[in-house]
Each structure stands twice: as C-alpha cells, then as structure tokens.
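Shown next: upload.tsv, given as TSV, C-alpha atoms.
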```tsv
chain	number	residue	atom	x	y	z
A	1	MET	CA	241.79	110.34	59.80
A	2	ILE	CA	243.14	107.64	62.10
A	3	VAL	CA	246.60	109.17	61.73
A	4	ILE	CA	245.22	112.63	62.58
A	5	SER	CA	243.40	111.23	65.64
A	6	VAL	CA	246.60	109.52	66.85
A	7	LEU	CA	248.58	112.74	66.36
A	8	ALA	CA	245.92	114.73	68.24
A	9	LEU	CA	246.05	112.23	71.10
A	10	ALA	CA	249.86	112.45	71.18
A	11	PHE	CA	249.77	116.25	71.36
A	12	TYR	CA	247.09	116.10	74.08
A	13	LEU	CA	249.35	113.84	76.14
A	14	LEU	CA	252.23	116.25	75.63
A	15	ALA	CA	249.95	119.13	76.65
A	16	ILE	CA	248.94	117.27	79.81
A	17	PHE	CA	252.60	116.70	80.67
A	18	ALA	CA	253.44	120.37	79.96
A	19	SER	CA	250.50	121.65	82.06
A	20	VAL	CA	251.50	119.44	85.01
A	21	HIS	CA	255.07	120.70	84.69
A	22	LEU	CA	253.72	124.26	84.73
A	23	LEU	CA	251.73	123.56	87.89
A	24	LEU	CA	254.80	122.30	89.71
A	25	SER	CA	257.00	125.22	88.64
A	26	ALA	CA	257.46	128.29	90.79
A	27	LYS	CA	257.39	130.45	87.66
A	28	PRO	CA	255.19	130.19	84.53
A	29	VAL	CA	257.78	128.37	82.44
A	30	GLY	CA	257.07	126.29	79.35
A	31	LEU	CA	254.04	128.30	78.22
A	32	ARG	CA	255.13	128.30	74.58
A	33	SER	CA	255.56	124.53	74.56
A	34	LEU	CA	252.20	124.08	76.29
A	35	TYR	CA	250.31	126.30	73.86
A	36	ALA	CA	252.04	124.77	70.83
A	37	CYS	CA	251.07	121.24	71.90
A	38	VAL	CA	247.53	122.30	72.79
A	39	TRP	CA	246.78	124.06	69.53
A	40	PHE	CA	248.15	121.17	67.45
A	41	ALA	CA	245.96	118.84	69.56
A	42	LEU	CA	242.89	121.05	69.13
A	43	ILE	CA	243.35	121.35	65.38
A	44	GLY	CA	243.77	117.58	65.07
A	45	HIS	CA	240.77	116.97	67.34
A	46	ALA	CA	238.60	119.34	65.28
A	47	THR	CA	239.72	117.76	62.00
A	48	ALA	CA	239.11	114.18	63.16
A	49	LEU	CA	235.77	115.08	64.72
A	50	GLY	CA	234.73	116.96	61.60
A	51	THR	CA	235.02	113.81	59.50
A	52	GLU	CA	232.88	111.93	62.04
A	53	VAL	CA	230.19	114.59	62.37
A	54	LEU	CA	230.09	115.40	58.64
A	55	PRO	CA	230.13	112.02	56.86
A	56	GLY	CA	228.69	113.53	53.66
A	57	THR	CA	224.97	112.85	54.18
A	58	GLY	CA	223.68	115.00	57.01
A	59	GLN	CA	225.36	115.34	60.39
A	60	ASN	CA	226.21	112.44	62.66
A	61	LEU	CA	225.35	113.81	66.12
A	62	SER	CA	225.78	110.61	68.09
A	63	MET	CA	226.16	110.96	71.85
A	64	LEU	CA	229.93	110.38	71.79
A	65	ASN	CA	230.41	112.79	68.90
A	66	VAL	CA	228.47	115.49	70.75
A	67	ALA	CA	230.38	114.79	73.98
A	68	SER	CA	233.67	114.97	72.06
A	69	LEU	CA	232.55	118.26	70.52
A	70	VAL	CA	231.72	119.64	73.99
A	71	SER	CA	235.14	118.57	75.28
A	72	LEU	CA	236.75	120.34	72.30
A	73	ILE	CA	234.82	123.55	73.03
A	74	ILE	CA	235.77	123.36	76.71
A	75	SER	CA	239.43	122.78	75.84
A	76	VAL	CA	239.43	125.80	73.51
A	77	PHE	CA	237.72	127.97	76.15
A	78	MET	CA	240.04	126.88	78.95
A	79	THR	CA	243.14	127.37	76.81
A	80	CYS	CA	242.02	130.91	75.97
A	81	ILE	CA	241.05	131.94	79.53
A	82	SER	CA	243.59	129.97	81.57
A	83	ARG	CA	246.04	132.86	81.93
A	84	ARG	CA	243.42	135.52	82.68
A	85	PHE	CA	241.35	133.29	84.99
A	86	ASN	CA	244.39	131.58	86.55
A	87	GLY	CA	242.93	128.19	85.67
A	88	TRP	CA	246.19	126.31	85.16
A	89	ILE	CA	245.30	123.58	87.65
A	90	LEU	CA	242.22	122.63	85.59
A	91	LEU	CA	244.08	122.19	82.29
A	92	PRO	CA	245.28	118.59	82.89
A	93	VAL	CA	241.71	117.58	83.79
A	94	VAL	CA	240.22	119.26	80.72
A	95	TYR	CA	242.79	117.84	78.30
A	96	SER	CA	242.45	114.37	79.85
A	97	PHE	CA	238.70	114.38	79.21
A	98	SER	CA	239.27	115.52	75.63
A	99	THR	CA	241.75	112.67	75.17
A	100	LEU	CA	239.31	110.08	76.51
A	101	LEU	CA	236.33	111.34	74.50
A	102	LEU	CA	238.32	111.67	71.28
A	103	THR	CA	239.49	108.09	71.74
A	104	ALA	CA	235.98	106.85	72.55
A	105	SER	CA	234.36	108.58	69.57
A	106	ALA	CA	236.99	107.06	67.26
A	107	LEU	CA	236.83	103.50	68.67
A	108	ILE	CA	233.08	103.26	69.38
A	109	PRO	CA	231.22	104.34	66.23
A	110	GLY	CA	227.69	105.60	66.59
A	111	ARG	CA	225.14	107.04	64.19
A	112	TYR	CA	222.47	109.65	64.84
A	113	ILE	CA	222.00	111.37	61.48
A	114	THR	CA	220.30	114.76	61.36
A	115	HIS	CA	219.94	117.32	58.57
A	116	LEU	CA	220.60	120.71	60.09
A	117	GLU	CA	221.11	122.30	56.69
A	118	ALA	CA	217.34	122.07	56.17
A	119	HIS	CA	216.66	123.69	59.55
A	120	PRO	CA	219.13	126.55	60.20
A	121	GLN	CA	217.13	127.67	63.23
A	122	LEU	CA	217.80	124.27	64.81
A	123	LEU	CA	221.53	124.79	64.20
A	124	LEU	CA	221.32	128.09	66.11
A	125	HIS	CA	219.49	126.41	69.00
A	126	ILE	CA	221.97	123.52	69.21
A	127	GLY	CA	224.95	125.86	68.94
A	128	LEU	CA	223.69	128.02	71.81
A	129	ALA	CA	222.91	124.93	73.89
A	130	LEU	CA	226.41	123.48	73.40
A	131	MET	CA	228.06	126.81	74.20
A	132	ALA	CA	225.93	127.22	77.34
A	133	TYR	CA	226.69	123.70	78.52
A	134	SER	CA	230.41	124.12	77.87
A	135	VAL	CA	230.63	127.38	79.85
A	136	LEU	CA	228.59	125.97	82.74
A	137	MET	CA	230.70	122.81	82.75
A	138	ILE	CA	233.80	124.98	83.12
A	139	ALA	CA	231.97	126.74	85.98
A	140	CYS	CA	231.43	123.30	87.52
A	141	LEU	CA	235.19	122.66	87.38
A	142	PHE	CA	235.81	126.00	89.08
A	143	ALA	CA	233.22	125.04	91.73
A	144	LEU	CA	235.15	121.82	92.41
A	145	GLN	CA	238.36	123.82	92.65
A	146	LEU	CA	236.62	126.20	95.06
A	147	ALA	CA	235.48	123.24	97.18
A	148	CYS	CA	239.04	121.92	97.30
A	149	LEU	CA	240.43	125.31	98.37
A	150	ASP	CA	237.68	125.79	100.95
A	151	LYS	CA	238.40	122.37	102.46
A	152	GLN	CA	242.13	123.09	102.60
A	153	LEU	CA	241.54	126.43	104.33
A	154	LYS	CA	239.26	124.89	106.92
A	155	SER	CA	241.74	122.10	107.63
A	156	ARG	CA	244.62	124.62	107.49
A	157	LYS	CA	246.43	122.46	104.95
A	158	LEU	CA	247.18	124.87	102.16
A	159	SER	CA	248.27	123.53	98.79
A	160	GLN	CA	251.97	123.67	97.99
A	161	LEU	CA	251.29	124.27	94.30
A	162	PRO	CA	252.78	127.67	93.39
A	163	THR	CA	250.14	128.25	90.70
A	164	MET	CA	247.15	127.65	92.99
A	165	PRO	CA	244.96	130.81	92.83
A	166	PRO	CA	243.45	132.53	95.89
A	167	LEU	CA	239.98	131.36	96.97
A	168	MET	CA	238.33	134.74	96.36
A	169	THR	CA	239.72	134.86	92.83
A	170	VAL	CA	238.30	131.42	92.03
A	171	GLU	CA	234.92	132.44	93.48
A	172	THR	CA	234.84	135.63	91.40
A	173	ARG	CA	235.67	133.72	88.23
A	174	LEU	CA	233.04	131.12	89.10
A	175	PHE	CA	230.26	133.72	89.20
A	176	GLN	CA	231.49	135.33	85.99
A	177	LEU	CA	231.29	131.97	84.24
A	178	ILE	CA	227.88	131.17	85.70
A	179	PHE	CA	226.52	134.53	84.58
A	180	ALA	CA	227.85	134.03	81.03
A	181	GLY	CA	226.49	130.47	80.97
A	182	VAL	CA	223.05	131.60	82.16
A	183	VAL	CA	222.91	134.22	79.41
A	184	LEU	CA	223.73	131.58	76.79
A	185	LEU	CA	221.29	129.08	78.36
A	186	THR	CA	218.56	131.73	78.35
A	187	LEU	CA	219.15	132.37	74.65
A	188	SER	CA	219.16	128.62	73.99
A	189	ILE	CA	215.84	128.04	75.77
A	190	ALA	CA	214.32	131.13	74.15
A	191	SER	CA	215.41	129.99	70.66
A	192	GLY	CA	213.90	126.57	71.35
A	193	LEU	CA	210.59	128.07	72.45
A	194	PHE	CA	210.55	130.36	69.42
A	195	PHE	CA	211.77	128.01	66.68
A	196	LEU	CA	210.85	124.46	67.80
A	197	GLU	CA	207.18	123.56	67.66
A	198	ASP	CA	207.74	120.13	69.21
A	199	MET	CA	209.93	121.27	72.12
A	200	PHE	CA	207.41	119.93	74.64
A	201	ALA	CA	206.27	116.98	72.53
A	202	GLN	CA	206.20	113.48	73.98
A	203	GLY	CA	209.69	112.01	74.19
A	204	LYS	CA	211.34	115.47	74.04
A	205	SER	CA	209.66	117.38	76.85
A	206	HIS	CA	212.11	116.12	79.48
A	207	LYS	CA	214.96	117.97	77.78
A	208	ALA	CA	213.09	121.26	77.92
A	209	VAL	CA	211.84	120.71	81.47
A	210	LEU	CA	215.27	119.75	82.82
A	211	SER	CA	216.96	122.62	80.97
A	212	ILE	CA	214.49	125.10	82.46
A	213	LEU	CA	214.95	123.52	85.90
A	214	ALA	CA	218.74	123.90	85.59
A	215	TRP	CA	218.23	127.51	84.49
A	216	CYS	CA	216.13	128.12	87.62
A	217	VAL	CA	218.88	126.65	89.83
A	218	TYR	CA	221.51	128.95	88.33
A	219	VAL	CA	219.25	132.02	88.50
A	220	VAL	CA	218.48	131.33	92.16
A	221	LEU	CA	222.22	130.96	92.79
A	222	LEU	CA	223.01	134.30	91.14
A	223	TRP	CA	220.10	135.98	92.92
A	224	GLY	CA	221.14	134.58	96.31
A	225	HIS	CA	224.74	135.70	95.80
A	226	HIS	CA	223.71	139.19	94.69
A	227	THR	CA	220.99	139.68	97.34
A	228	TYR	CA	222.22	137.74	100.36
A	229	GLY	CA	225.90	137.30	99.60
A	230	TRP	CA	225.76	133.51	99.27
A	231	ARG	CA	229.15	131.87	99.01
A	232	GLY	CA	231.00	128.77	100.14
A	233	ARG	CA	229.32	125.40	100.35
A	234	ARG	CA	225.87	126.60	99.22
A	235	VAL	CA	227.32	128.08	96.03
A	236	ILE	CA	229.32	124.92	95.33
A	237	THR	CA	226.30	122.65	95.89
A	238	LEU	CA	223.97	124.66	93.64
A	239	SER	CA	226.64	124.91	90.92
A	240	LEU	CA	227.13	121.15	90.87
A	241	LEU	CA	223.38	120.52	91.03
A	242	GLY	CA	222.71	122.81	88.06
A	243	CYS	CA	225.44	121.12	86.01
A	244	PHE	CA	224.12	117.65	86.91
A	245	ILE	CA	220.55	118.55	85.86
A	246	LEU	CA	221.80	120.09	82.61
A	247	THR	CA	223.85	116.97	81.86
A	248	LEU	CA	220.75	114.83	82.34
A	249	ALA	CA	218.85	117.13	79.98
A	250	TYR	CA	221.45	116.95	77.22
A	251	PHE	CA	222.73	113.39	77.50
A	252	GLY	CA	220.34	111.39	79.71
A	253	SER	CA	217.92	110.11	77.09
A	254	ARG	CA	220.66	109.75	74.47
A	255	PHE	CA	222.65	107.55	76.87
A	256	VAL	CA	219.63	105.31	77.43
A	257	LYS	CA	218.84	105.03	73.70
A	258	GLU	CA	222.37	104.68	72.32
A	259	VAL	CA	224.08	102.72	75.09
A	260	LEU	CA	221.62	100.89	77.34
A	261	LEU	CA	219.07	100.01	74.64
A	262	SER	CA	221.46	99.50	71.72
```
What would the structure in this file look like if it were written as structure tokens?
Amino acid sequence: MIVISVLALAFYLLAIFASVHLLLSAKPVGLRSLYACVWFALIGHATALGTEVLPGTGQNLSMLNVASLVSLIISVFMTCISRRFNGWILLPVVYSFSTLLLTASALIPGRYITHLEAHPQLLLHIGLALMAYSVLMIACLFALQLACLDKQLKSRKLSQLPTMPPLMTVETRLFQLIFAGVVLLTLSIASGLFFLEDMFAQGKSHKAVLSILAWCVYVVLLWGHHTYGWRGRRVITLSLLGCFILTLAYFGSRFVKEVLLS
C-alpha cells in the first residue's frame, strides 16, 4: 500500500503540473494527459485509503482518514464538473489538498474504529453528510474565486489567465452548488433526526446544532438571492461563514480529541 500511495502522490503532482499548464495555455491543450494523471491518482488514492479505512475489523474513521476521504470526493467532483463549470483554476488547489491529506493520513496513523455494518442507517447518514460537505466545500472554493474576480474588477486589474471564467458564470455556478449542497445537507440532517436517537445527546449535540446553524446560513443566502437579488460581498461572506460552521461541526471536536488531547 505504501507503493500505491507513492504512485498516487506522483500522479497527483503530475496532475497539478498539467492543470497549471492548462491554465497558462490560450487553448485547452493537454486535457487527455491531465485526465489520465488525475484518474490514476484518484484510483491510487481510493485504494490506499480503502486499506486504511477498512483494516478488517470495523471501519477506521479517524479525522485524517475522513478528511482524506472528503478530499478524494472533492477531487472526483471537480474533475467531473471542471469542463462544464469552467473550474480549471481550482484544480491545482483541489489536487494539492488531496496530495497533502493523502500524505498526512499515511504518515500520521490514527484509529477511530466504528462498526457501520451493524448500523446501515448510520452509513446512510454519514454518506449524505460527507457528500453535502464536499459539495459545499467546492462552493466555498467558487466563492473565493468569485471574491478574487470581484476584487480584480473593482481595481480594474483583470487576470491575464486565458481560462479565467466570467464573474457572472462563477456566481451562477456558486448558487447551483450551494443549492445542491443544501439539498444534501437537508437529507443528512433529516436522516440523523430520523435514525439517530442520541443526535442531541451530551457530547454530540454540538455537531447537530452547528450543522443546523450552517443549514440556516445557506438557506438565508439562497432566500436573499432569490428574493432580494443578493450578490457580491454578502454572498461571499455568507458562503464562507456557512462552510466554516460546517467544518467546525464535522471536524472541531474530532480535532480536539485526536490532536490536542492525544
């Protein structure tokens, strides 16, 4: 598995180089090389992570393993939607995070054994939560890209990158991603309320409260955009705030337990 991890890292680095080359090109050249490197990297990442998460007795859902899994999901999503959503500029960032988290999960072992096979409803809840977080994290990246474009327009210093998308296109994609993420987050919270009896138990309630708070932030954002036409800085701020709250909900307590208190 070490060999597979090293190969995955090598292909990620090649994918980062290919995506940067694509950004600097006036025409979309090197797409085949980029996709070939990416899919080899993703397959290697999934294989290496699978051995870590499935050690044979239960599932090892340590914080770094979960973070690595999220980065894998985001990389798969971004690879699939990059052409349609014109998200080429975000690919080096996404693949860099996957590289770092794959390396960290391999070098810093952690154990948080669960037994999801005995609770399939919990697997559904966790799956929906990870999908929702991944989509909303991609929306956060689009919000940062929107902030960069907005700043460049106001300072009248437009980017020289030929693959930089128009501001309105990025904004449209941002709201599409937020809407999809809110749907998944709604299903995740609803499945938790329906299946988990201890969702608001002591020591776990903060996850539910913060997740619902993040949901409220995103719903207010969508409502404000639909009703009052919110855009620009307010949209960017609320998008980043919702992502920050959701990150605290998913990883805050795990970071304290597995890193600060270990």
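Those residues that approach A:Ile108 to within 12 Å, counting all atoms listed in the file, are Glu52, Ser62, Met63, Leu64, Asn65, Leu100, Leu101, Leu102, Thr103, Ala104, Glu258 and Val259 of chain A; same-chain residues fewer than 4 positions away are not listed.
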Enumerate, in order of chain and increasing residue number, the residues of stretch 21-115 of chain A with an atom no farther than 10 Å from stretch 173-176 of chain A, each with its shortest atom pair and distance in Å to one decimal, counting only C-alpha atoms, as a tab-separated table.
```
residue	atom	partner	partner_atom	distance
A:Arg84	CA	A:Arg173	CA	9.7
A:Phe85	CA	A:Arg173	CA	6.6
A:Asn86	CA	A:Arg173	CA	9.1
A:Gly87	CA	A:Arg173	CA	9.5
```
So which one's closest to A:His125, A:Ser191, A:Lys207, A:Thr227, A:Ile74? Using only C-alpha atoms, please.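 Nearest candidate to A:His125 out of A:Ser191, A:Lys207, A:Thr227, A:Ile74: A:Ser191.
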Mind giving me the straight-line distance from atom CA of A:Gly56 to atom CA of A:Trp39 in Å, one decimal?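 Interatomic distance here is 26.3 Å.
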With a distance cut-off of 10 Å and all atoms listed in the file, select the neighbouring residues of A:Ile16, excluding the residue or stretch itself and same-chain residues fewer than 5 positions from it, and output the selection as a list in words.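 Using all atoms listed in the file, the neighbours found are Ala10, Phe11, His21, Leu22, Leu34, Cys37, Val38, Leu91, Pro92, Val93, Val94, Tyr95, Ser96 and Thr99 of chain A.
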Rounded to one decimal place, report the atom CA of A:Ser98-atom CA of A:Leu122 distance in Å.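 So the answer is 25.6 Å.
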Between atom CA of A:Met164 and atom CA of A:Ala132 - distance in Å to one decimal: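 That distance, rounded to one decimal, is 26.4 Å.
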If you count all atoms listed in the file, which residues fall within 10 Å of A:Gln121, apart from same-chain ones fewer than 3 positions away, as a compact mmCIF listing (two decimals) with C-alpha atoms, in the coordinates of the input?
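Okay, this is what ended up in out_29.txt:
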```txt
# COMPACT_ATOMS: atom_id res chain seq x y z
CA LEU A 116 220.60 120.71 60.09
CA GLU A 117 221.11 122.30 56.69
CA ALA A 118 217.34 122.07 56.17
CA LEU A 124 221.32 128.09 66.11
CA HIS A 125 219.49 126.41 69.00
CA ILE A 126 221.97 123.52 69.21
CA GLY A 127 224.95 125.86 68.94
CA SER A 191 215.41 129.99 70.66
CA GLY A 192 213.90 126.57 71.35
CA PHE A 194 210.55 130.36 69.42
CA PHE A 195 211.77 128.01 66.68
CA LEU A 196 210.85 124.46 67.80
```
What's the 12 Å shell around stretch 30-32 of chain A, counting all atoms listed in the file, without same-chain residues fewer than 5 positions away, as a list in words?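 Result of the neighbour search: Leu14, Ala15, Phe17, Ala18, Ser19, Val20, His21, Leu22, Leu23, Leu24, Ser25, Cys37, Val38, Trp39, Thr79, Ser82, Arg83 and Trp88 of chain A.
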Rank A:Val53, A:Ile113, A:Val170, A:Val66 by their smallest atom-to-atom distance to A:Phe255, using all atoms listed in the file, and report the top residue only.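 When distances to A:Phe255 are compared using all atoms listed in the file, the smallest one comes from A:Val66.
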Which residue, A:Phe179, A:Ile81, A:Gln59, A:His206, has the smallest gap to A:His226 when you use all atoms listed in the file? A:Phe179
Just checking: using all atoms listed in the file, which residue out of A:Leu187, A:Cys243, A:Leu167, A:Ala106 ends up closest to A:Met137?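 Closest to A:Met137 of all the choices is A:Cys243.
Remark: for A:Ile245, the closest of the candidate residues A:Trp215, A:Trp230, A:Phe97, A:Phe77 is A:Trp215 (distances computed over all atoms listed in the file).
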Go through A:Thr172, A:Ser188, A:Ser155, A:Thr247 and flag the residue nearest A:Val70, using only C-alpha atoms for the distances. A:Thr247
Taking only N, CA and C atoms, show stretch 161-179 of chain A of the given structure as a compact mmCIF listing (two decimals), in the first residue's frame.
```
# COMPACT_ATOMS: atom_id res chain seq x y z
N LEU A 161 -5.01 35.25 -17.13
CA LEU A 161 -5.19 33.83 -17.40
C LEU A 161 -6.27 33.64 -18.45
N PRO A 162 -5.97 32.96 -19.56
CA PRO A 162 -6.96 32.79 -20.62
C PRO A 162 -8.14 31.93 -20.21
N THR A 163 -7.97 31.07 -19.20
CA THR A 163 -9.04 30.17 -18.79
C THR A 163 -9.87 30.73 -17.63
N MET A 164 -9.63 31.97 -17.24
CA MET A 164 -10.40 32.57 -16.15
C MET A 164 -11.84 32.81 -16.61
N PRO A 165 -12.85 32.25 -15.92
CA PRO A 165 -14.24 32.40 -16.36
C PRO A 165 -14.79 33.78 -16.01
N PRO A 166 -15.88 34.20 -16.67
CA PRO A 166 -16.52 35.46 -16.33
C PRO A 166 -17.12 35.42 -14.93
N LEU A 167 -17.23 36.58 -14.29
CA LEU A 167 -17.73 36.67 -12.93
C LEU A 167 -19.15 36.13 -12.81
N MET A 168 -20.03 36.48 -13.74
CA MET A 168 -21.42 36.03 -13.67
C MET A 168 -21.52 34.51 -13.79
N THR A 169 -20.65 33.92 -14.57
CA THR A 169 -20.65 32.46 -14.71
C THR A 169 -20.27 31.80 -13.39
N VAL A 170 -19.23 32.33 -12.74
CA VAL A 170 -18.80 31.79 -11.44
C VAL A 170 -19.93 31.94 -10.41
N GLU A 171 -20.60 33.09 -10.42
CA GLU A 171 -21.69 33.31 -9.46
C GLU A 171 -22.84 32.34 -9.69
N THR A 172 -23.18 32.11 -10.95
CA THR A 172 -24.25 31.16 -11.27
C THR A 172 -23.89 29.76 -10.79
N ARG A 173 -22.67 29.34 -11.06
CA ARG A 173 -22.24 28.02 -10.62
C ARG A 173 -22.21 27.92 -9.10
N LEU A 174 -21.83 29.01 -8.45
CA LEU A 174 -21.79 29.03 -6.99
C LEU A 174 -23.17 28.73 -6.41
N PHE A 175 -24.20 29.38 -6.92
CA PHE A 175 -25.55 29.15 -6.40
C PHE A 175 -26.08 27.76 -6.75
N GLN A 176 -25.68 27.24 -7.89
CA GLN A 176 -26.07 25.86 -8.22
C GLN A 176 -25.46 24.88 -7.24
N LEU A 177 -24.21 25.08 -6.90
CA LEU A 177 -23.54 24.20 -5.94
C LEU A 177 -24.13 24.34 -4.55
N ILE A 178 -24.42 25.58 -4.13
CA ILE A 178 -25.00 25.79 -2.81
C ILE A 178 -26.37 25.12 -2.72
N PHE A 179 -27.16 25.26 -3.77
CA PHE A 179 -28.49 24.63 -3.76
C PHE A 179 -28.37 23.11 -3.64
```
